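Participant: What follows is the file work-v4.cif, containing mmCIF, C-alpha atoms:
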```
data_input
#
loop_
_atom_site.label_atom_id
_atom_site.label_comp_id
_atom_site.auth_asym_id
_atom_site.auth_seq_id
_atom_site.Cartn_x
_atom_site.Cartn_y
_atom_site.Cartn_z
CA ASN A 1 0.00 0.00 0.00
CA ALA A 2 1.11 3.55 -0.69
CA GLU A 3 2.69 5.30 2.30
CA TYR A 4 2.96 9.08 2.42
CA MET A 5 6.56 10.24 2.85
CA GLY A 6 6.38 14.00 2.42
CA TYR A 7 5.68 16.93 0.13
CA GLY A 8 7.20 20.25 -0.79
CA HIS A 9 7.33 23.21 -3.12
CA LEU A 10 9.71 22.70 -6.06
CA VAL A 11 10.29 24.79 -9.17
CA LYS A 12 10.91 23.53 -12.72
CA TRP A 13 14.40 24.69 -13.63
CA LYS A 14 13.76 25.94 -17.17
CA SER A 15 10.20 27.25 -17.05
CA GLY A 16 10.14 28.42 -13.44
CA LYS A 17 6.75 26.74 -12.99
CA ASP A 18 5.76 26.27 -9.35
CA LEU A 19 4.98 22.68 -8.40
CA PHE A 20 3.86 20.97 -5.22
CA VAL A 21 5.39 17.49 -5.26
CA PHE A 22 4.16 14.61 -3.10
CA LEU A 23 6.39 11.62 -2.43
CA PHE A 24 4.97 8.23 -1.51
CA ASN A 25 6.93 5.06 -0.91
CA ASP A 26 6.10 3.78 -4.39
CA PHE A 27 5.40 6.84 -6.56
CA LEU A 28 6.01 10.55 -7.04
CA LEU A 29 3.10 12.91 -7.78
CA MET A 30 3.59 16.40 -9.22
CA THR A 31 0.82 18.99 -8.95
CA ARG A 32 0.50 22.68 -9.73
CA PRO A 33 -1.25 25.22 -7.48
CA ILE A 34 -4.40 27.02 -8.62
CA ILE A 35 -4.23 29.41 -5.67
CA SER A 36 -1.26 31.20 -4.10
CA LYS A 37 1.60 29.08 -2.77
CA SER A 38 1.18 30.46 0.73
CA ASP A 39 -2.52 29.56 0.75
CA VAL A 40 -1.74 26.02 -0.40
CA ASN A 41 0.66 25.52 2.50
CA LYS A 42 -1.85 27.01 4.89
CA LEU A 43 -4.93 25.07 3.77
CA LEU A 44 -3.57 21.75 2.45
CA PHE A 45 -3.75 19.81 5.71
CA ASP A 46 -6.30 22.02 7.48
CA THR A 47 -9.28 19.78 8.25
CA ASN A 48 -11.45 22.85 8.85
CA ALA A 49 -10.63 24.45 5.51
CA PRO A 50 -13.47 24.75 2.94
CA LEU A 51 -13.71 21.94 0.38
CA SER A 52 -12.37 23.73 -2.67
CA PRO A 53 -9.62 22.73 -5.14
CA LEU A 54 -6.08 23.77 -4.23
CA LEU A 55 -4.01 21.79 -6.73
CA LEU A 56 -4.26 20.21 -10.15
CA GLN A 57 -2.31 17.17 -11.28
CA TYR A 58 0.61 18.29 -13.43
CA ARG A 59 1.90 14.93 -14.72
CA CYS A 60 0.90 11.30 -14.37
CA PRO A 61 2.29 9.71 -11.19
CA ILE A 62 5.83 8.39 -11.60
CA PRO A 63 6.41 4.92 -10.12
CA ILE A 64 9.46 5.08 -7.88
CA ASN A 65 10.97 1.98 -9.48
CA GLU A 66 10.93 3.64 -12.92
CA ILE A 67 13.02 6.64 -11.88
CA HIS A 68 16.52 6.05 -13.24
CA THR A 69 19.95 7.69 -13.44
CA PHE A 70 18.84 9.59 -10.35
CA ASN A 71 21.39 12.18 -9.33
CA GLY A 72 21.27 14.70 -6.55
CA SER A 73 22.46 17.46 -8.83
CA SER A 74 22.50 17.72 -12.59
CA GLY A 75 25.87 17.32 -14.23
CA LEU A 76 24.84 19.89 -16.81
CA LEU A 77 23.17 22.48 -14.62
CA ARG A 78 25.76 22.61 -11.84
CA ILE A 79 23.24 24.05 -9.41
CA ASP A 80 23.34 22.77 -5.83
CA GLN A 81 19.60 23.14 -5.26
CA THR A 82 18.58 21.07 -8.31
CA ILE A 83 17.18 17.53 -8.22
CA SER A 84 17.51 15.82 -11.60
CA PHE A 85 16.22 12.42 -12.74
CA PHE A 86 14.82 10.56 -15.74
CA PHE A 87 11.46 8.85 -16.19
CA GLY A 88 11.58 6.97 -19.47
CA LYS A 89 13.26 9.33 -21.92
CA LYS A 90 12.04 12.48 -20.19
CA ARG A 91 14.33 14.39 -17.90
CA TYR A 92 13.03 16.31 -14.88
CA SER A 93 15.08 19.06 -13.24
CA LEU A 94 13.42 20.52 -10.16
CA ARG A 95 14.85 23.24 -7.92
CA ALA A 96 14.35 23.22 -4.17
CA ASN A 97 14.17 26.37 -2.05
CA SER A 98 17.48 25.61 -0.37
CA SER A 99 20.37 23.18 -0.39
CA ASN A 100 19.11 21.63 2.84
CA LYS A 101 15.66 20.95 1.37
CA ARG A 102 17.32 19.48 -1.70
CA LYS A 103 19.23 17.06 0.54
CA VAL A 104 16.00 16.07 2.30
CA TRP A 105 14.36 15.27 -1.04
CA ILE A 106 17.37 13.30 -2.25
CA ASN A 107 17.54 11.23 0.92
CA LEU A 108 13.79 10.50 0.91
CA MET A 109 13.80 9.46 -2.74
CA LYS A 110 16.85 7.26 -2.30
CA GLU A 111 15.24 5.67 0.75
CA CYS A 112 12.07 4.88 -1.21
CA MET A 113 14.05 3.49 -4.15
CA LEU A 114 16.16 1.31 -1.84
CA ASP A 115 13.12 -0.02 0.02
CA TYR A 116 11.40 -0.79 -3.27
CA SER A 117 14.44 -2.71 -4.54
CA LYS A 118 14.37 -4.79 -1.35
CA VAL A 119 10.71 -5.63 -1.98
CA ILE A 120 11.54 -6.75 -5.52
CA ALA A 121 14.46 -8.83 -4.26
CA GLY A 122 12.13 -10.52 -1.79
CA ARG A 123 9.72 -11.42 -4.56
CA GLU A 124 12.53 -13.09 -6.50
CA ARG A 125 13.06 -15.48 -3.61
CA ILE A 126 9.47 -16.70 -3.56
CA VAL A 127 9.47 -20.45 -4.18
CA GLY A 128 7.47 -21.70 -7.13
CA CYS A 129 7.12 -18.34 -8.87
CA PRO A 130 7.70 -19.11 -12.58
CA ASP A 131 9.99 -17.12 -14.84
CA GLY A 132 9.48 -16.61 -18.55
CA LYS A 133 7.71 -14.37 -20.99
CA GLY A 134 4.01 -14.35 -21.64
CA ARG A 135 0.78 -12.42 -21.91
CA LEU A 136 -1.75 -11.08 -19.43
CA LYS A 137 -5.35 -10.92 -20.55
CA VAL A 138 -6.82 -8.20 -18.37
CA GLU A 139 -10.43 -7.17 -17.84
CA VAL A 140 -11.19 -4.17 -15.65
CA VAL A 141 -14.69 -5.11 -14.55
CA SER A 142 -16.10 -2.56 -12.11
CA GLY A 143 -15.59 -0.48 -9.01
CA SER A 144 -17.53 0.13 -5.82
CA GLY A 145 -17.54 2.81 -3.15
CA LEU A 146 -15.08 4.95 -5.08
CA PHE A 147 -16.36 8.30 -3.83
CA PRO A 148 -18.23 9.59 -0.77
CA GLN A 149 -22.01 9.60 -0.99
CA ASP A 150 -22.13 13.39 -0.92
CA ALA A 151 -20.31 13.35 -4.27
CA VAL A 152 -23.69 12.65 -5.92
CA THR A 153 -24.16 16.39 -6.30
CA MET A 154 -20.99 16.49 -8.41
CA THR A 155 -21.91 13.77 -10.89
CA THR A 156 -21.36 16.06 -13.86
CA LEU A 157 -17.73 16.40 -12.78
CA LEU A 158 -16.96 12.81 -11.77
CA ARG A 159 -16.23 10.60 -14.77
CA PRO A 160 -13.94 7.82 -13.54
CA TYR A 161 -11.70 5.56 -15.61
CA ILE A 162 -8.83 3.17 -14.90
CA LYS A 163 -5.30 2.93 -16.28
CA VAL A 164 -3.44 -0.37 -15.98
CA THR A 165 0.29 0.07 -16.59
CA LEU A 166 2.98 -2.56 -17.05
CA GLY A 167 6.32 -0.96 -17.85
CA GLU A 168 5.63 1.31 -20.83
CA GLN A 169 2.43 -0.54 -21.78
CA VAL A 170 -0.82 1.16 -20.82
CA LEU A 171 -4.34 -0.24 -20.85
CA LYS A 172 -6.96 2.51 -20.45
CA THR A 173 -10.64 1.82 -19.87
CA ASN A 174 -13.55 3.81 -21.22
CA VAL A 175 -14.90 6.64 -19.09
CA ALA A 176 -17.91 5.59 -16.99
CA GLU A 177 -21.03 7.58 -17.78
CA SER A 178 -21.84 10.31 -15.28
CA SER A 179 -24.76 9.26 -13.09
CA PRO A 180 -25.22 8.68 -9.34
CA GLU A 181 -24.94 4.91 -9.83
CA ASN A 182 -21.85 5.00 -12.02
CA VAL A 183 -20.07 7.55 -9.87
CA HIS A 184 -20.02 5.25 -6.86
CA ASN A 185 -20.17 1.87 -8.63
CA PRO A 186 -18.88 2.31 -12.19
CA VAL A 187 -18.91 -0.60 -14.63
CA TRP A 188 -16.24 -0.71 -17.33
CA LYS A 189 -15.86 -4.34 -18.50
CA HIS A 190 -12.88 -3.22 -20.52
CA GLN A 191 -10.51 -5.88 -21.88
CA GLY A 192 -6.96 -5.76 -23.17
CA GLN A 193 -3.63 -7.55 -23.25
CA LEU A 194 -0.22 -6.79 -21.77
CA VAL A 195 3.07 -8.63 -22.35
CA PHE A 196 5.37 -9.47 -19.44
CA SER A 197 8.98 -10.62 -19.46
CA ASP A 198 9.52 -11.78 -15.86
CA LEU A 199 6.79 -12.57 -13.35
CA THR A 200 9.23 -12.37 -10.45
CA LYS A 201 10.16 -8.73 -11.01
CA GLU A 202 7.29 -6.88 -12.68
CA THR A 203 4.24 -5.22 -11.19
CA LEU A 204 0.97 -3.85 -12.48
CA TRP A 205 0.21 -0.23 -11.65
CA ILE A 206 -3.57 0.22 -11.45
CA ALA A 207 -4.66 3.85 -11.14
CA LEU A 208 -8.03 5.57 -10.83
CA TYR A 209 -8.52 8.87 -12.69
CA LEU A 210 -11.29 11.40 -13.20
CA LYS A 211 -11.80 12.66 -16.74
CA ARG A 212 -11.71 16.44 -17.18
CA SER A 213 -12.83 18.36 -20.26
CA TYR A 214 -10.76 21.54 -20.03
CA SER A 215 -7.87 20.59 -17.74
CA PRO A 216 -5.58 17.58 -17.16
CA ASP A 217 -7.34 14.52 -15.82
CA ASP A 218 -7.23 14.12 -12.04
CA PHE A 219 -5.28 11.28 -10.46
CA VAL A 220 -7.28 9.87 -7.51
CA CYS A 221 -5.41 6.86 -6.16
CA ALA A 222 -3.44 3.82 -7.28
CA LYS A 223 -2.59 0.28 -6.29
CA GLU A 224 0.33 -2.00 -7.11
CA MET A 225 -0.19 -5.65 -7.96
CA ALA A 226 2.82 -7.97 -8.06
CA LEU A 227 2.73 -10.34 -11.04
CA CYS A 228 4.33 -13.00 -8.88
CA GLY A 229 1.11 -13.22 -6.90
CA LEU A 230 -1.04 -14.08 -9.92
CA LYS A 231 -2.41 -17.57 -10.49
CA THR A 232 -0.58 -19.10 -13.43
CA ASN A 233 -2.28 -22.48 -13.80
CA ALA A 234 -5.92 -21.40 -14.17
CA LEU A 235 -7.86 -22.23 -17.33
CA LEU A 236 -10.18 -19.24 -16.92
CA PRO A 237 -9.44 -15.65 -15.86
CA THR A 238 -9.05 -15.22 -12.11
CA GLU A 239 -11.00 -12.44 -10.40
CA TYR A 240 -9.15 -10.16 -7.99
CA THR A 241 -10.62 -7.49 -5.71
CA LEU A 242 -8.26 -4.60 -5.07
CA ASP A 243 -8.83 -2.50 -1.95
CA PHE A 244 -7.86 1.06 -2.84
CA THR A 245 -9.22 2.40 0.46
CA THR A 246 -11.47 1.04 3.21
CA ASP A 247 -14.55 1.50 1.00
CA ALA A 248 -13.14 1.85 -2.53
CA LYS A 249 -12.66 -1.41 -4.41
CA ILE A 250 -11.85 -2.35 -8.00
CA ILE A 251 -12.65 -5.77 -9.49
CA ILE A 252 -10.23 -6.96 -12.15
CA LYS A 253 -9.91 -10.30 -13.98
CA ILE A 254 -6.53 -11.57 -15.20
CA HIS A 255 -5.49 -14.66 -17.13
CA VAL A 256 -1.78 -15.55 -17.41
CA SER A 257 -0.43 -17.43 -20.41
CA PHE A 258 3.18 -18.21 -21.32
CA PHE A 259 4.72 -18.04 -24.76
CA GLN A 260 5.84 -21.36 -26.21
CA THR A 261 9.60 -21.88 -26.27
CA ASP A 262 11.60 -24.36 -28.26
#
```
Show how you would write the structure in this file as structure tokens.
Facilitator:
Amino acid sequence: NAEYMGYGHLVKWKSGKDLFVFLFNDFLLMTRPIISKSDVNKLLFDTNAPLSPLLLQYRCPIPINEIHTFNGSSGLLRIDQTISFFFGKKRYSLRANSSNKRKVWINLMKECMLDYSKVIAGRERIVGCPDGKGRLKVEVVSGSGLFPQDAVTMTTLLRPYIKVTLGEQVLKTNVAESSPENVHNPVWKHQGQLVFSDLTKETLWIALYLKRSYSPDDFVCAKEMALCGLKTNALLPTEYTLDFTTDAKIIIKIHVSFFQTD
């Protein structure tokens, strides 16, 4: 399960865009403020603050295990307050407010990456977990209890969909129609296929989003699913229930098949 590690105000090095970045033990989330920075810091964790948007998602969440060539400072920028890393082919250079805050970010990120690598190493030692390449047939069936009951008044704004990610492969469901029933208990029944190379090391990243018409889609929450925990000898797809929160659940069906080898 995702564990909150910390957040802070960082600035994109080239554009100077203000970002509020949230670090969890398994992913990094970048958002941009839609009110003043001081008001964000004041209201973000205030339980008595009015329920109004403070931040918008800036980029899709970055799984911590897919951050690579991480370096505390960029070899090109030569700026002590800069945190630089790659996600895929894209480079991110973010500037902290001070050298001390930069060090805090570096240490937290390295800690999360190290802990994640230990989890992966533990999975490799699981007895009976088969290696090899193959295909996952995935069906995102439905969800339940995804939003509070008082969200019924916001049905025109809540259009949920699911992204299932495996490495660089992405399976995206249709957007559930906006109605009181579908807001809380959406039905997708969306099918697709993903190719894996090693069941012992790879994980599915299953994320819930809200579709927006005139702004980036909102990331709501996500769940990891280790491929090593999947049933590999079943003739029919196996149904799994993923607990995103105490009330929010997603039902997904997966069938594992291996490629034939000579």
Participant: Determine the residue membership of the PyMOL selection byres ((chain A and resi 21-24) around 9) for the file above and supply it as a ChimeraX atom specification.
Facilitator: /A:2-10,19-20,25-32,64,105,108-109,112
Participant: Could you check the closest approach to Glu202 of chain A for each of A:Ser98, A:Thr82, A:Ser117, A:Ser15 and tell me which residue wins, using only C-alpha atoms?
Facilitator: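 Of A:Ser98, A:Thr82, A:Ser117, A:Ser15, the one nearest Glu202 of chain A is A:Ser117, counting only C-alpha atoms.
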Participant: Need the neighbours of (1.8, 1.4, -11.8): which residues are at most 6 Å away, counting all atoms listed in the file, as JSON, numbers by chain?
Facilitator: {"A": [165, 204, 205, 206, 224]}
Participant: Would you list the residues near (-12.3, -1.8, -15.2) (no more than 6 Å away, in the coordinates of the file, using all atoms listed in the file) as a list in words?
Facilitator: Val140, Val141, Ser142, Trp188, Lys189 and His190 of chain A
Participant: Any idea what's packed within 10 Å of segment 236-238 of chain A, counting all atoms listed in the file, ignoring anything in its chain fewer than 2 positions away? Could you give it as a list in words?
Facilitator: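 Residues meeting the cut-off are Leu136, Lys137, Val138, Glu139, Leu230, Lys231, Thr232, Asn233, Ala234, Tyr240, Ile252, Lys253, Ile254, His255 and Val256 of chain A.
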Participant: For Phe244 of chain A, which residue among A:Cys228, A:Ile162, A:Cys221, A:Ile34 is the nearest when counting only C-alpha atoms?
Facilitator: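 Closest to Phe244 of chain A of all the choices is A:Cys221.
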Participant: Just how far from atom CA of Gly167 of chain A is atom CA of Phe86 of chain A, in Å to one decimal?
Facilitator: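 Distance reported for this atom pair: 14.5 Å.
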Participant: For atom CA of Asp218 of chain A and atom CA of Leu94 of chain A, quote the distance in Å rounded to one decimal.
Facilitator: 21.7 Å
Participant: Which is closer to Lys223 of chain A than all the others in A:Arg135, A:Pro61, A:Ser93, A:Ser99, using only C-alpha atoms?
Facilitator: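 Distance minimum relative to Lys223 of chain A lands on A:Pro61.
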Participant: So what do you get for atom CA of Phe85 of chain A versus atom CA of Leu199 of chain A, distance-wise?
Facilitator: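 Calculated distance between atom CA of Phe85 of chain A and atom CA of Leu199 of chain A is 26.7 Å.
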Participant: List the neighbours of Leu43 of chain A out to 12 Å using all atoms listed in the file; skip same-chain residues closer than 4 positions along the sequence, and give me the result as a ChimeraX atom specification.
Facilitator: /A:33,35-39,47-55
Participant: Give the answer as one residue: which of A:Leu146, A:Met113, A:Val195, A:Val11 has the shortest atom-to-atom distance to Thr246 of chain A, using all atoms listed in the file?
Facilitator: A:Leu146
Participant: Selected by the PyMOL selection byres ((chain A and resi 250) around 6) in the shown coordinates: which residues, as a list of chain:residue names?
Facilitator: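 On the file shown, the PyMOL selection byres ((chain A and resi 250) around 6) covers A:Ser142, A:Gly143, A:Thr241, A:Leu242, A:Lys249, A:Ile251.
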Participant: Using C-alpha atoms, can you export the residues from the last selection as a PDB file, in the coordinates of the input?
Facilitator:
```
ATOM      1  CA  SER A 142     -16.100  -2.560 -12.110  1.00  0.00           C
ATOM      2  CA  GLY A 143     -15.590  -0.480  -9.010  1.00  0.00           C
ATOM      3  CA  THR A 241     -10.620  -7.490  -5.710  1.00  0.00           C
ATOM      4  CA  LEU A 242      -8.260  -4.600  -5.070  1.00  0.00           C
ATOM      5  CA  LYS A 249     -12.660  -1.410  -4.410  1.00  0.00           C
ATOM      6  CA  ILE A 251     -12.650  -5.770  -9.490  1.00  0.00           C
TER       7      ILE A 251
END
```
Participant: A:Gln57, A:Thr203, A:Gln81, A:Asn107: which is nearest Glu168 of chain A, counting all atoms listed in the file?
Facilitator: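 The shortest atom-to-atom distance to Glu168 of chain A comes from A:Thr203.
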Participant: Nearest residue to Ile62 of chain A out of A:Asp115, A:Ala222, A:Phe258, A:Asp217, using all atoms listed in the file?
Facilitator: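 Using all atoms listed in the file, Ile62 of chain A sits closest to A:Ala222.
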Participant: Given the file shown, determine the residues that the PyMOL selection byres ((chain A and resi 209) around 6) selects; report them as a short mmCIF file (atom, residue, chain, number, x, y, z; two decimals) with C-alpha atoms, in the coordinates of the input.
Facilitator:
```cif
data_model
loop_
_atom_site.label_atom_id
_atom_site.label_comp_id
_atom_site.auth_asym_id
_atom_site.auth_seq_id
_atom_site.Cartn_x
_atom_site.Cartn_y
_atom_site.Cartn_z
CA PRO A 160 -13.94 7.82 -13.54
CA TYR A 161 -11.70 5.56 -15.61
CA LEU A 208 -8.03 5.57 -10.83
CA LEU A 210 -11.29 11.40 -13.20
CA ASP A 218 -7.23 14.12 -12.04
CA PHE A 219 -5.28 11.28 -10.46
CA VAL A 220 -7.28 9.87 -7.51
#
```
